[in-house]
$ cat query.cif   # mmCIF, C-alpha atoms and all ligand atoms
data_input
loop_
_atom_site.label_atom_id
_atom_site.label_comp_id
_atom_site.auth_asym_id
_atom_site.auth_seq_id
_atom_site.Cartn_x
_atom_site.Cartn_y
_atom_site.Cartn_z
CA MET A 23 23.97 20.87 -59.99
CA GLN A 24 21.16 23.07 -61.25
CA SER A 25 19.59 25.35 -58.66
CA ALA A 26 16.15 23.90 -59.49
CA THR A 27 17.47 20.45 -58.52
CA VAL A 28 18.96 21.85 -55.30
CA ARG A 29 15.60 23.39 -54.41
CA LYS A 30 13.74 20.12 -55.07
CA PHE A 31 16.36 18.36 -52.98
CA ALA A 32 15.81 20.77 -50.07
CA ASP A 33 12.02 20.54 -50.37
CA ALA A 34 12.21 16.74 -50.23
CA VAL A 35 13.93 16.87 -46.81
CA PRO A 36 11.28 16.46 -44.07
CA MET A 37 13.23 18.58 -41.57
CA ALA A 38 12.79 22.37 -41.74
CA MET A 39 15.95 24.06 -43.10
CA VAL A 40 16.79 27.71 -43.68
CA LEU A 41 19.96 29.11 -45.26
CA PHE A 42 20.89 32.55 -43.85
CA GLY A 43 23.20 35.07 -45.50
CA PRO A 44 25.78 37.25 -43.65
CA ASP A 45 23.08 39.88 -42.89
CA GLN A 46 20.92 37.23 -41.05
CA ARG A 47 18.36 37.31 -43.84
CA ALA A 48 16.91 33.99 -45.06
CA LEU A 49 18.20 33.26 -48.57
CA VAL A 50 16.52 29.88 -49.02
CA ALA A 51 13.92 28.03 -46.98
CA ASN A 52 12.61 24.57 -47.79
CA SER A 53 8.89 23.80 -47.76
CA ALA A 54 9.12 22.13 -44.32
CA ALA A 55 10.40 25.48 -42.95
CA THR A 56 7.55 27.44 -44.56
CA ALA A 57 5.12 24.92 -43.01
CA LEU A 58 6.79 25.05 -39.59
CA PHE A 59 6.64 28.83 -39.32
CA ALA A 60 3.24 28.95 -41.06
CA ASN A 61 4.57 31.95 -42.94
CA GLU A 62 6.80 33.12 -45.78
CA VAL A 63 10.42 32.84 -44.65
CA GLU A 64 12.61 33.67 -47.64
CA GLY A 65 13.89 37.24 -47.80
CA ARG A 66 13.04 37.97 -44.17
CA LEU A 67 15.32 38.49 -41.18
CA GLY A 68 15.62 35.60 -38.72
CA SER A 69 14.27 37.84 -35.94
CA ALA A 70 11.12 38.44 -38.01
CA PHE A 71 9.91 34.84 -37.90
CA LEU A 72 11.48 33.42 -34.73
CA ARG A 73 11.93 36.02 -32.02
CA HIS A 74 13.75 33.87 -29.55
CA PRO A 75 16.99 35.10 -27.88
CA THR A 76 18.62 31.63 -27.92
CA PHE A 77 17.92 31.26 -31.63
CA LEU A 78 19.16 34.77 -32.46
CA ASP A 79 22.37 34.29 -30.41
CA GLY A 80 23.11 30.96 -32.10
CA LEU A 81 22.58 32.51 -35.53
CA GLU A 82 24.80 35.51 -34.78
CA VAL A 83 27.64 33.38 -33.38
CA CYS A 84 27.49 30.93 -36.28
CA ILE A 85 27.65 33.66 -38.90
CA GLY A 86 30.18 35.78 -36.98
CA THR A 87 32.67 33.10 -35.94
CA GLY A 88 31.82 30.14 -38.18
CA THR A 89 31.17 27.80 -35.21
CA ALA A 90 28.54 25.08 -35.25
CA SER A 91 26.16 24.64 -32.32
CA THR A 92 22.78 23.24 -31.31
CA SER A 93 20.20 24.92 -29.06
CA ARG A 94 16.77 24.12 -27.69
CA VAL A 95 14.02 26.55 -28.48
CA SER A 96 10.30 26.47 -27.78
CA MET A 97 7.82 28.36 -29.90
CA VAL A 98 4.09 28.82 -30.21
CA THR A 99 2.43 28.60 -33.63
CA LYS A 100 -1.34 28.98 -33.88
CA GLY A 101 -1.70 28.41 -30.12
CA VAL A 102 0.26 25.13 -30.15
CA GLU A 103 3.56 25.02 -28.31
CA SER A 104 6.33 23.04 -29.91
CA CYS A 105 9.83 22.26 -28.78
CA LEU A 106 12.67 22.37 -31.29
CA ALA A 107 16.33 21.40 -31.43
CA VAL A 108 17.94 24.06 -33.65
CA HIS A 109 21.18 23.07 -35.37
CA PHE A 110 23.45 25.91 -36.61
CA ARG A 111 26.10 25.02 -39.20
CA PRO A 112 28.44 27.52 -40.91
CA PHE A 113 27.77 27.69 -44.65
CA PRO A 114 29.65 29.81 -47.21
CA THR A 115 27.37 31.86 -49.46
CA GLU A 116 28.19 34.10 -52.46
CA SER A 117 28.02 37.18 -50.26
CA GLY A 118 30.10 35.77 -47.37
CA GLN A 119 29.86 33.53 -44.31
CA GLY A 120 26.29 32.35 -43.77
CA ALA A 121 24.58 29.67 -41.69
CA LEU A 122 22.51 26.64 -42.54
CA VAL A 123 19.99 26.22 -39.76
CA SER A 124 17.87 23.08 -39.40
CA PHE A 125 14.97 22.63 -37.00
CA GLU A 126 14.25 19.24 -35.43
CA ASP A 127 10.79 18.92 -33.91
CA LEU A 128 11.09 17.33 -30.46
CA THR A 129 7.46 17.85 -29.41
CA ALA A 130 6.33 14.23 -29.86
CA LEU A 131 9.45 12.92 -28.13
CA GLU A 132 8.96 15.29 -25.19
CA HIS A 133 5.34 14.21 -24.95
CA THR A 134 6.33 10.52 -24.78
CA THR A 135 8.96 11.31 -22.14
CA ALA A 136 6.40 13.19 -20.06
CA MET A 137 3.96 10.27 -20.34
CA ARG A 138 6.59 7.82 -19.21
CA ARG A 139 7.46 10.06 -16.27
CA ASP A 140 3.79 10.32 -15.22
CA PHE A 141 3.38 6.57 -15.55
CA VAL A 142 6.36 5.82 -13.30
CA ALA A 143 5.11 8.38 -10.77
CA ASN A 144 1.64 6.77 -10.80
CA VAL A 145 2.97 3.23 -10.38
CA SER A 146 5.25 4.31 -7.54
CA HIS A 147 2.39 6.05 -5.81
CA GLU A 148 0.07 3.03 -6.20
CA LEU A 149 2.71 0.71 -4.72
CA ARG A 150 3.73 3.04 -1.93
CA THR A 151 0.26 3.15 -0.35
CA PRO A 152 0.00 -0.62 0.40
CA LEU A 153 3.70 -0.83 1.27
CA THR A 154 3.36 1.95 3.82
CA ALA A 155 0.41 0.11 5.35
CA LEU A 156 2.38 -3.15 5.52
CA VAL A 157 5.38 -1.51 7.19
CA GLY A 158 3.07 0.20 9.69
CA PHE A 159 1.38 -3.05 10.65
CA ILE A 160 4.65 -4.92 11.00
CA ASP A 161 5.66 -2.27 13.54
CA THR A 162 2.37 -2.60 15.40
CA LEU A 163 2.65 -6.40 15.49
CA ARG A 164 6.13 -6.17 16.99
CA GLY A 165 5.00 -3.59 19.56
CA ALA A 166 1.53 -2.79 20.85
CA ALA A 167 -0.29 -5.81 19.37
CA ARG A 168 2.38 -8.34 20.29
CA ASP A 169 0.31 -10.18 22.89
CA ASP A 170 -3.14 -9.26 21.62
CA ALA A 171 -4.32 -12.26 19.60
CA PRO A 172 -7.56 -10.78 18.16
CA ALA A 173 -5.78 -7.57 17.07
CA ARG A 174 -3.02 -9.64 15.50
CA GLU A 175 -5.56 -11.61 13.47
CA ARG A 176 -7.22 -8.42 12.28
CA PHE A 177 -3.92 -6.79 11.26
CA LEU A 178 -2.79 -9.91 9.44
CA GLY A 179 -6.06 -9.79 7.51
CA ILE A 180 -5.39 -6.20 6.44
CA MET A 181 -1.80 -7.07 5.52
CA GLU A 182 -3.04 -9.93 3.36
CA ARG A 183 -5.41 -7.56 1.56
CA GLU A 184 -2.70 -4.97 0.94
CA ALA A 185 -0.27 -7.61 -0.34
CA GLY A 186 -3.04 -8.93 -2.61
CA ARG A 187 -3.52 -5.43 -3.99
CA MET A 188 0.17 -5.20 -4.88
CA ILE A 189 0.08 -8.57 -6.60
CA ARG A 190 -2.96 -7.52 -8.65
CA LEU A 191 -1.25 -4.28 -9.60
CA VAL A 192 1.93 -6.02 -10.74
CA ASN A 193 -0.11 -8.62 -12.68
CA ASP A 194 -2.11 -5.88 -14.42
CA LEU A 195 1.08 -3.99 -15.28
CA LEU A 196 2.55 -7.16 -16.79
CA SER A 197 -0.63 -7.81 -18.80
CA LEU A 198 -0.62 -4.26 -20.07
CA SER A 199 2.98 -4.38 -21.24
CA ARG A 200 2.44 -7.79 -22.87
CA VAL A 201 -0.66 -6.59 -24.72
CA GLU A 202 1.12 -3.43 -25.86
CA ALA A 203 4.08 -5.42 -27.14
CA GLU A 204 1.76 -7.65 -29.20
CA GLU A 205 -0.59 -4.93 -30.38
CA ARG A 206 0.68 -5.00 -33.96
CA SER A 207 0.39 -8.74 -34.45
CA ARG A 208 -3.08 -9.94 -35.34
CA PRO A 209 -4.47 -12.81 -33.27
CA SER A 210 -4.88 -16.05 -35.21
CA GLU A 211 -6.64 -18.58 -32.93
CA LYS A 212 -10.13 -19.77 -33.84
CA VAL A 213 -12.21 -18.97 -30.78
CA GLU A 214 -15.81 -19.83 -29.88
CA ILE A 215 -17.13 -16.73 -28.19
CA ILE A 216 -20.35 -17.91 -26.50
CA GLY A 217 -18.47 -20.55 -24.51
CA LEU A 218 -15.86 -17.95 -23.67
CA LEU A 219 -18.50 -15.54 -22.33
CA ARG A 220 -20.11 -18.36 -20.30
CA GLY A 221 -16.70 -19.14 -18.80
CA ALA A 222 -16.08 -15.48 -17.85
CA ILE A 223 -19.52 -15.31 -16.21
CA ALA A 224 -18.94 -18.59 -14.33
CA THR A 225 -15.64 -17.38 -12.84
CA LEU A 226 -17.40 -14.31 -11.47
CA HIS A 227 -20.42 -16.17 -10.17
CA ASP A 228 -19.38 -16.19 -6.50
CA GLN A 229 -18.26 -12.57 -6.51
CA ALA A 230 -21.60 -11.57 -8.08
CA GLU A 231 -23.56 -13.59 -5.56
CA THR A 232 -21.72 -11.95 -2.66
CA ALA A 233 -22.48 -8.53 -4.18
CA GLY A 234 -26.14 -9.48 -4.68
CA VAL A 235 -25.94 -9.15 -8.46
CA ARG A 236 -27.47 -11.55 -11.00
CA LEU A 237 -25.58 -12.21 -14.23
CA ASP A 238 -27.59 -12.92 -17.40
CA LEU A 239 -26.35 -13.93 -20.83
CA GLU A 240 -28.29 -13.31 -24.03
CA ALA A 241 -26.79 -14.94 -27.09
CA PRO A 242 -27.92 -16.69 -30.26
CA ALA A 243 -28.09 -20.48 -30.19
CA GLY A 244 -25.19 -22.45 -31.53
CA PRO A 245 -21.47 -21.77 -31.67
CA VAL A 246 -20.11 -18.42 -32.92
CA PHE A 247 -16.49 -18.43 -34.08
CA LEU A 248 -14.00 -15.67 -34.72
CA ARG A 249 -10.24 -15.16 -35.08
CA ALA A 250 -9.04 -13.93 -31.74
CA ASP A 251 -6.72 -14.41 -28.81
CA GLY A 252 -8.90 -16.42 -26.44
CA ASP A 253 -6.98 -15.63 -23.23
CA GLN A 254 -7.03 -11.92 -23.99
CA LEU A 255 -10.76 -11.90 -24.74
CA VAL A 256 -11.36 -13.64 -21.42
CA GLN A 257 -9.46 -10.77 -19.78
CA VAL A 258 -11.64 -8.22 -21.60
CA PHE A 259 -14.94 -9.71 -20.50
CA HIS A 260 -13.70 -10.59 -17.04
CA ASN A 261 -12.75 -6.93 -16.51
CA LEU A 262 -16.01 -5.56 -17.89
CA ILE A 263 -18.27 -7.98 -16.03
CA GLU A 264 -16.31 -7.55 -12.81
CA ASN A 265 -16.66 -3.76 -13.09
CA ALA A 266 -20.39 -4.13 -13.67
CA VAL A 267 -20.63 -6.31 -10.54
CA LYS A 268 -18.53 -3.85 -8.50
CA TYR A 269 -20.21 -0.65 -9.65
CA GLY A 270 -23.55 -2.00 -10.85
CA GLY A 271 -25.41 -1.87 -7.56
CA SER A 272 -26.61 -4.64 -5.28
CA GLY A 273 -29.96 -6.27 -6.04
CA LYS A 274 -29.75 -5.43 -9.74
CA ASN A 275 -28.84 -7.53 -12.72
CA VAL A 276 -25.99 -7.32 -15.22
CA ARG A 277 -26.79 -8.31 -18.78
CA VAL A 278 -24.15 -9.66 -21.13
CA SER A 279 -25.41 -9.89 -24.70
CA LEU A 280 -23.98 -11.00 -28.00
CA THR A 281 -25.41 -9.98 -31.37
CA ARG A 282 -24.24 -10.56 -34.91
CA ILE A 283 -24.13 -7.54 -37.20
CA GLU A 284 -24.14 -8.06 -40.97
CA ARG A 285 -22.36 -4.81 -41.68
CA GLU A 286 -20.92 -2.65 -38.93
CA PRO A 287 -20.11 0.81 -40.37
CA ALA A 288 -17.25 1.42 -37.94
CA LEU A 289 -15.53 -1.80 -39.06
CA GLN A 290 -16.77 -1.79 -42.66
CA GLY A 291 -17.85 -5.40 -42.50
CA PRO A 292 -19.54 -8.13 -40.47
CA ALA A 293 -19.00 -7.90 -36.73
CA LEU A 294 -19.94 -9.24 -33.31
CA ARG A 295 -21.31 -6.81 -30.79
CA ILE A 296 -20.83 -7.81 -27.16
CA GLU A 297 -22.41 -5.57 -24.59
CA VAL A 298 -22.06 -5.59 -20.81
CA ALA A 299 -24.87 -3.52 -19.32
CA ASP A 300 -25.54 -2.67 -15.69
CA LYS A 301 -28.22 -0.67 -13.94
CA GLY A 302 -25.84 0.93 -11.47
CA GLU A 303 -24.88 4.47 -10.63
CA GLY A 304 -23.70 5.34 -14.14
CA ILE A 305 -20.82 7.61 -15.10
CA ASP A 306 -20.88 11.37 -15.62
CA PRO A 307 -20.17 12.16 -19.31
CA ILE A 308 -17.16 14.33 -18.37
CA HIS A 309 -15.30 11.16 -17.33
CA LEU A 310 -16.09 9.06 -20.42
CA PRO A 311 -13.28 10.25 -22.71
CA ARG A 312 -10.62 9.52 -20.07
CA LEU A 313 -11.99 6.23 -18.71
CA THR A 314 -9.52 4.04 -20.62
CA GLU A 315 -6.46 5.99 -19.46
CA ARG A 316 -4.16 4.13 -17.10
CA PHE A 317 -5.01 4.74 -13.46
CA TYR A 318 -7.99 6.94 -14.31
CA ARG A 319 -10.87 6.34 -11.89
CA VAL A 320 -14.07 8.24 -11.30
CA ASP A 321 -13.71 7.74 -7.56
CA THR A 322 -10.21 6.69 -6.55
CA HIS A 323 -11.13 5.91 -2.98
CA ARG A 324 -14.00 3.63 -3.98
CA SER A 325 -12.01 1.84 -6.63
CA ARG A 326 -9.22 1.13 -4.10
CA GLU A 327 -11.75 -0.01 -1.52
CA LYS A 328 -13.07 -2.53 -4.02
CA GLY A 329 -9.56 -3.74 -4.78
CA GLY A 330 -9.30 -2.05 -8.19
CA THR A 331 -6.03 -1.10 -9.84
CA GLY A 332 -7.42 1.46 -12.31
CA LEU A 333 -5.80 -0.48 -15.17
CA GLY A 334 -8.68 -2.76 -16.22
CA LEU A 335 -10.18 -0.56 -18.93
CA ALA A 336 -6.73 0.41 -20.27
CA ILE A 337 -6.03 -3.30 -20.78
CA VAL A 338 -9.47 -3.76 -22.39
CA LYS A 339 -8.83 -0.95 -24.87
CA HIS A 340 -5.43 -2.31 -25.93
CA ILE A 341 -6.78 -5.84 -26.41
CA VAL A 342 -9.73 -4.59 -28.48
CA ASN A 343 -7.33 -2.51 -30.59
CA ARG A 344 -5.17 -5.57 -31.19
CA HIS A 345 -8.28 -7.33 -32.50
CA ARG A 346 -8.93 -4.34 -34.82
CA GLY A 347 -12.22 -3.81 -32.99
CA ARG A 348 -13.88 -0.84 -31.31
CA PHE A 349 -14.60 -0.15 -27.66
CA ARG A 350 -17.38 2.22 -26.61
CA VAL A 351 -18.91 3.30 -23.34
CA GLU A 352 -22.40 4.72 -23.01
CA SER A 353 -23.71 5.78 -19.66
CA GLU A 354 -26.33 7.82 -17.91
CA VAL A 355 -25.98 8.93 -14.31
CA GLY A 356 -28.47 7.11 -12.10
CA LYS A 357 -29.52 4.68 -14.85
CA GLY A 358 -26.50 2.55 -15.59
CA SER A 359 -23.71 1.94 -18.09
CA ARG A 360 -23.16 -0.06 -21.27
CA PHE A 361 -19.70 -1.19 -22.28
CA ILE A 362 -19.70 -2.25 -25.92
CA VAL A 363 -17.07 -4.29 -27.72
CA LEU A 364 -17.27 -4.60 -31.52
CA LEU A 365 -15.11 -7.30 -33.04
CA PRO A 366 -14.67 -7.93 -36.77
CA VAL A 367 -15.54 -11.44 -37.99
CA GLY A 368 -13.32 -11.92 -40.98
CA ASP A 369 -12.54 -14.99 -43.03
CA LEU A 370 -12.48 -18.10 -40.85
CA THR A 371 -11.25 -20.67 -43.36
N1 LIG B 401 -19.85 -0.42 -14.81
C1 LIG B 401 -19.35 0.71 -14.29
N2 LIG B 401 -20.17 1.62 -13.66
C2 LIG B 401 -19.67 2.75 -13.14
N3 LIG B 401 -18.37 3.09 -13.18
C3 LIG B 401 -17.51 2.26 -13.78
C4 LIG B 401 -17.96 1.02 -14.36
N4 LIG B 401 -16.88 0.40 -14.89
C5 LIG B 401 -15.82 1.20 -14.64
N5 LIG B 401 -16.18 2.31 -13.97
C6 LIG B 401 -15.29 3.42 -13.56
O1 LIG B 401 -14.13 3.39 -14.35
C7 LIG B 401 -12.95 3.29 -13.54
C8 LIG B 401 -11.87 2.52 -14.25
O2 LIG B 401 -12.21 1.15 -14.38
P1 LIG B 401 -11.04 0.07 -14.41
O3 LIG B 401 -10.01 0.55 -15.39
O4 LIG B 401 -11.61 -1.26 -14.62
O5 LIG B 401 -10.38 0.23 -12.96
P2 LIG B 401 -10.79 -0.41 -11.53
O6 LIG B 401 -11.99 -1.28 -11.72
O7 LIG B 401 -9.59 -1.16 -11.14
O8 LIG B 401 -11.02 0.77 -10.66
C9 LIG B 401 -13.45 2.69 -12.23
O9 LIG B 401 -12.62 3.04 -11.16
C10 LIG B 401 -14.83 3.27 -12.11
O10 LIG B 401 -14.75 4.57 -11.55
MG MG B 402 -11.82 -2.95 -13.26
#
$ encode --input "query.cif" --output "structure tokens"
Amino acid sequence: MQSATVRKFADAVPMAMVLFGPDQRALVANSAATALFANEVEGRLGSAFLRHPTFLDGLEVCIGTGTASTSRVSMVTKGVESCLAVHFRPFPTESGQGALVSFEDLTALEHTTAMRRDFVANVSHELRTPLTALVGFIDTLRGAARDDAPARERFLGIMEREAGRMIRLVNDLLSLSRVEAEERSRPSEKVEIIGLLRGAIATLHDQAETAGVRLDLEAPAGPVFLRADGDQLVQVFHNLIENAVKYGGSGKNVRVSLTRIEREPALQGPALRIEVADKGEGIDPIHLPRLTERFYRVDTHRSREKGGTGLGLAIVKHIVNRHRGRFRVESEVGKGSRFIVLLPVGDLT
């Protein structure tokens, strides 16, 4: 094979590869390697572009003894740390025993693993709190409160609340995993959105009344259809309206509004804009970018007190993504918050 073909072949491989000669100098580097090290590689010593003892040992052993091995190396390029699996393979060159070294980028994989670890830790922590309370009260009911009827009633009430919290958490976790699993498939039902919003408001009527909050709906007359997953959209607006009731402040109103937009720039086409606005305490801008992360709450204690799981907005974001829509939050401390859902209205035939 011509050497030009060999070079094109190496450049077409997405993994960074460098061929070292017996003197540990790079004879050939493919373009992925030049990109990885953000520098010229060919003609230079290995120690000149990756000063890492594990890497240098692996290279020396491979060239010296002809043994293959794999090592893990972390490096920092332009302030970004990446984690690499480095594979050393003996490779004969014209001037003697060399080594073909390939670099597998594990950064994304490590990131996913870390996220999964955090998630499991969060879930365990969220479940442990109510479980600890339950176990504690069972003890008290067997002992001190055994013959104290009013205390027993009170403790059973708390136990019911804690058990309810665990059920909500498990239900939210199941919703989240279901929505994530379906995220790539586009919803196909024909859904009438004004009726759906009315339904979501009606289910929350009692909760709003207890909290002293009035719920208003502003929408155009007549039915408005779109392709969607009706059950999932109910979840979206239930979550948003419930949050507005919980955090919107007693004695104030929550406004749900629907408007049609001829051309929404973010969606490059016609859209529906549904807004849930409250006049509550508002949210400090530093929290806004993280609000849709799982278990992220502005005030963990308050959210727990109000029976929240911290998963509502994460579920909302995933459902809106599945509908190829956009989700935005605007808020001003002391004035209130607006949660905006933009949904594309495509072809309905
Ligand atoms: N309308 C709102 N006004 C003020 N803060 C809000 C509002 N909606 C949500 N938040 C904040 O965002 C957090 C995350 O909301 P969510 O994911 O629904 O979790 P939860 O309601 O279970 O706590 C809440 O804990 C709260 O701090
Ligand atoms: Mg919520």
$ closest_atom_pairs --input "query.cif" --of "chain A" --to "ligand LIG 401 (chain B)" --cutoff "8 Å" --atoms "all atoms listed in the file" --output "Markdown table"
| residue | atom | partner | partner_atom | distance |
| --- | --- | --- | --- | --- |
| A:Asn261 | CA | B:LIG401 | O4 | 6.1 |
| A:Leu262 | CA | B:LIG401 | N4 | 6.7 |
| A:Ile263 | CA | B:LIG401 | N1 | 7.8 |
| A:Glu264 | CA | B:LIG401 | O6 | 7.7 |
| A:Asn265 | CA | B:LIG401 | N4 | 4.5 |
| A:Ala266 | CA | B:LIG401 | N1 | 3.9 |
| A:Val267 | CA | B:LIG401 | N1 | 7.3 |
| A:Lys268 | CA | B:LIG401 | N1 | 7.3 |
| A:Tyr269 | CA | B:LIG401 | N2 | 4.6 |
| A:Gly270 | CA | B:LIG401 | N1 | 5.6 |
| A:Ala299 | CA | B:LIG401 | N1 | 7.4 |
| A:Asp300 | CA | B:LIG401 | N1 | 6.2 |
| A:Gly302 | CA | B:LIG401 | N2 | 6.1 |
| A:Glu303 | CA | B:LIG401 | C2 | 6.0 |
| A:Gly304 | CA | B:LIG401 | C2 | 4.9 |
| A:Ile305 | CA | B:LIG401 | C2 | 5.4 |
| A:Leu313 | CA | B:LIG401 | O1 | 5.6 |
| A:Thr314 | CA | B:LIG401 | O3 | 6.3 |
| A:Glu315 | CA | B:LIG401 | O3 | 7.7 |
| A:Arg316 | CA | B:LIG401 | O3 | 7.1 |
| A:Phe317 | CA | B:LIG401 | O3 | 6.8 |
| A:Tyr318 | CA | B:LIG401 | C8 | 5.9 |
| A:Arg319 | CA | B:LIG401 | O9 | 3.8 |
| A:Val320 | CA | B:LIG401 | O10 | 3.7 |
| A:Asp321 | CA | B:LIG401 | O10 | 5.2 |
| A:Thr322 | CA | B:LIG401 | O9 | 6.4 |
| A:Arg324 | CA | B:LIG401 | O9 | 7.3 |
| A:Ser325 | CA | B:LIG401 | O8 | 4.3 |
| A:Arg326 | CA | B:LIG401 | O8 | 6.8 |
| A:Lys328 | CA | B:LIG401 | O8 | 7.7 |
| A:Gly329 | CA | B:LIG401 | O7 | 6.9 |
| A:Gly330 | CA | B:LIG401 | O7 | 3.1 |
| A:Thr331 | CA | B:LIG401 | O7 | 3.8 |
| A:Gly332 | CA | B:LIG401 | O5 | 3.3 |
| A:Leu333 | CA | B:LIG401 | O3 | 4.3 |
| A:Gly334 | CA | B:LIG401 | O4 | 3.7 |
| A:Leu335 | CA | B:LIG401 | O3 | 3.7 |
| A:Ala336 | CA | B:LIG401 | O3 | 5.9 |
| A:Ile337 | CA | B:LIG401 | O3 | 7.7 |
| A:Gly358 | CA | B:LIG401 | N2 | 6.7 |
| A:Ser359 | CA | B:LIG401 | N1 | 5.6 |
| A:Arg360 | CA | B:LIG401 | N1 | 7.3 |
| A:Phe361 | CA | B:LIG401 | N1 | 7.5 |
$ residues_around --input "query.cif" --residues "A:Leu149" --least-positions-apart "6" --cutoff "9 Å" --atoms "only C-alpha atoms" --output "list in words"
Arg187, Met188 and Leu191 of chain A
$ atom_distance --input "query.cif" --atom1 "atom CA of A:Val235" --atom2 "atom CA of A:Val276"
7.0 Å
$ residues_around --input "query.cif" --residues "A:Ile223" --least-positions-apart "6" --cutoff "10 Å" --atoms "all atoms listed in the file" --output "list in words"
Gly217, Ala230, Leu237, Asp238, Leu239, Val256, Phe259, His260, Ile263, Glu264 and Val278 of chain A
$ residues_around --input "query.cif" --residues "A:Ile362" --least-positions-apart "2" --cutoff "9 Å" --atoms "all atoms listed in the file" --output "PDB file with C-alpha atoms, in the frame of the given file"
ATOM      1  CA  ARG A 295     -21.310  -6.810 -30.790  1.00  0.00           C
ATOM      2  CA  ILE A 296     -20.830  -7.810 -27.160  1.00  0.00           C
ATOM      3  CA  GLU A 297     -22.410  -5.570 -24.590  1.00  0.00           C
ATOM      4  CA  VAL A 298     -22.060  -5.590 -20.810  1.00  0.00           C
ATOM      5  CA  ALA A 299     -24.870  -3.520 -19.320  1.00  0.00           C
ATOM      6  CA  ARG A 348     -13.880  -0.840 -31.310  1.00  0.00           C
ATOM      7  CA  PHE A 349     -14.600  -0.150 -27.660  1.00  0.00           C
ATOM      8  CA  ARG A 350     -17.380   2.220 -26.610  1.00  0.00           C
ATOM      9  CA  VAL A 351     -18.910   3.300 -23.340  1.00  0.00           C
ATOM     10  CA  GLU A 352     -22.400   4.720 -23.010  1.00  0.00           C
ATOM     11  CA  ARG A 360     -23.160  -0.060 -21.270  1.00  0.00           C
ATOM     12  CA  LEU A 364     -17.270  -4.600 -31.520  1.00  0.00           C
TER      13      LEU A 364
END
$ closest_residue --input "query.cif" --among "A:Glu204, A:Glu240, A:Asp194, A:Asp228" --to "ligand MG 402 (chain B)" --atoms "all atoms listed in the file"
A:Asp194
$ residues_around --input "query.cif" --residues "A:Pro287" --least-positions-apart "2" --cutoff "12 Å" --atoms "all atoms listed in the file" --output "JSON list (two decimals) with C-alpha atoms, in the frame of the given file"
[["chain", "number", "residue", "atom", "x", "y", "z"],
["A", 283, "ILE", "CA", -24.13, -7.54, -37.20],
["A", 284, "GLU", "CA", -24.14, -8.06, -40.97],
["A", 285, "ARG", "CA", -22.36, -4.81, -41.68],
["A", 289, "LEU", "CA", -15.53, -1.80, -39.06],
["A", 290, "GLN", "CA", -16.77, -1.79, -42.66],
["A", 291, "GLY", "CA", -17.85, -5.40, -42.50],
["A", 292, "PRO", "CA", -19.54, -8.13, -40.47],
["A", 293, "ALA", "CA", -19.00, -7.90, -36.73],
["A", 347, "GLY", "CA", -12.22, -3.81, -32.99],
["A", 348, "ARG", "CA", -13.88, -0.84, -31.31],
["A", 364, "LEU", "CA", -17.27, -4.60, -31.52],
["A", 366, "PRO", "CA", -14.67, -7.93, -36.77]]
$ closest_residue --input "query.cif" --among "A:Val98, A:Ala51, A:Val338, A:Leu365" --to "ligand MG 402 (chain B)" --atoms "all atoms listed in the file"
A:Val338
$ residues_near_point --input "query.cif" --point "(-26.6, -3.3, -5.0)" --cutoff "7 Å" --atoms "only C-alpha atoms" --output "count of residues only"
8
$ atom_distance --input "query.cif" --atom1 "atom CA of A:Arg139" --atom2 "atom CA of A:Leu198"
16.9 Å
$ axis_aligned_box --input "query.cif" --around "stretch 28-43 of chain A" --padding-each-side "6 Å" --output "AutoDock Vina command-line options"
--center_x 17.2 --center_y 25.8 --center_z -48.4 --size_x 23.9 --size_y 30.6 --size_z 25.7
$ atom_distance --input "query.cif" --atom1 "atom CA of A:Pro114" --atom2 "atom CA of A:Ser53"
21.6 Å
$ residues_near_point --input "query.cif" --point "(0.8, -3.7, 1.3)" --cutoff "8 Å" --atoms "all atoms listed in the file" --output "list in words"
Leu149, Thr151, Pro152, Leu153, Thr154, Ala155, Leu156, Val157, Met181, Glu182, Arg183, Glu184, Ala185, Gly186, Arg187 and Met188 of chain A
$ residues_around --input "query.cif" --residues "A:Ser91" --least-positions-apart "6" --cutoff "9 Å" --atoms "all atoms listed in the file" --output "list in words"
Gly80, Val83, Cys84, Val108, His109, Phe110 and Arg111 of chain A
$ closest_residue --input "query.cif" --among "A:His309, A:Arg249, A:Arg164, A:Arg190" --to "ligand MG 402 (chain B)" --atoms "all atoms listed in the file"
A:Arg190
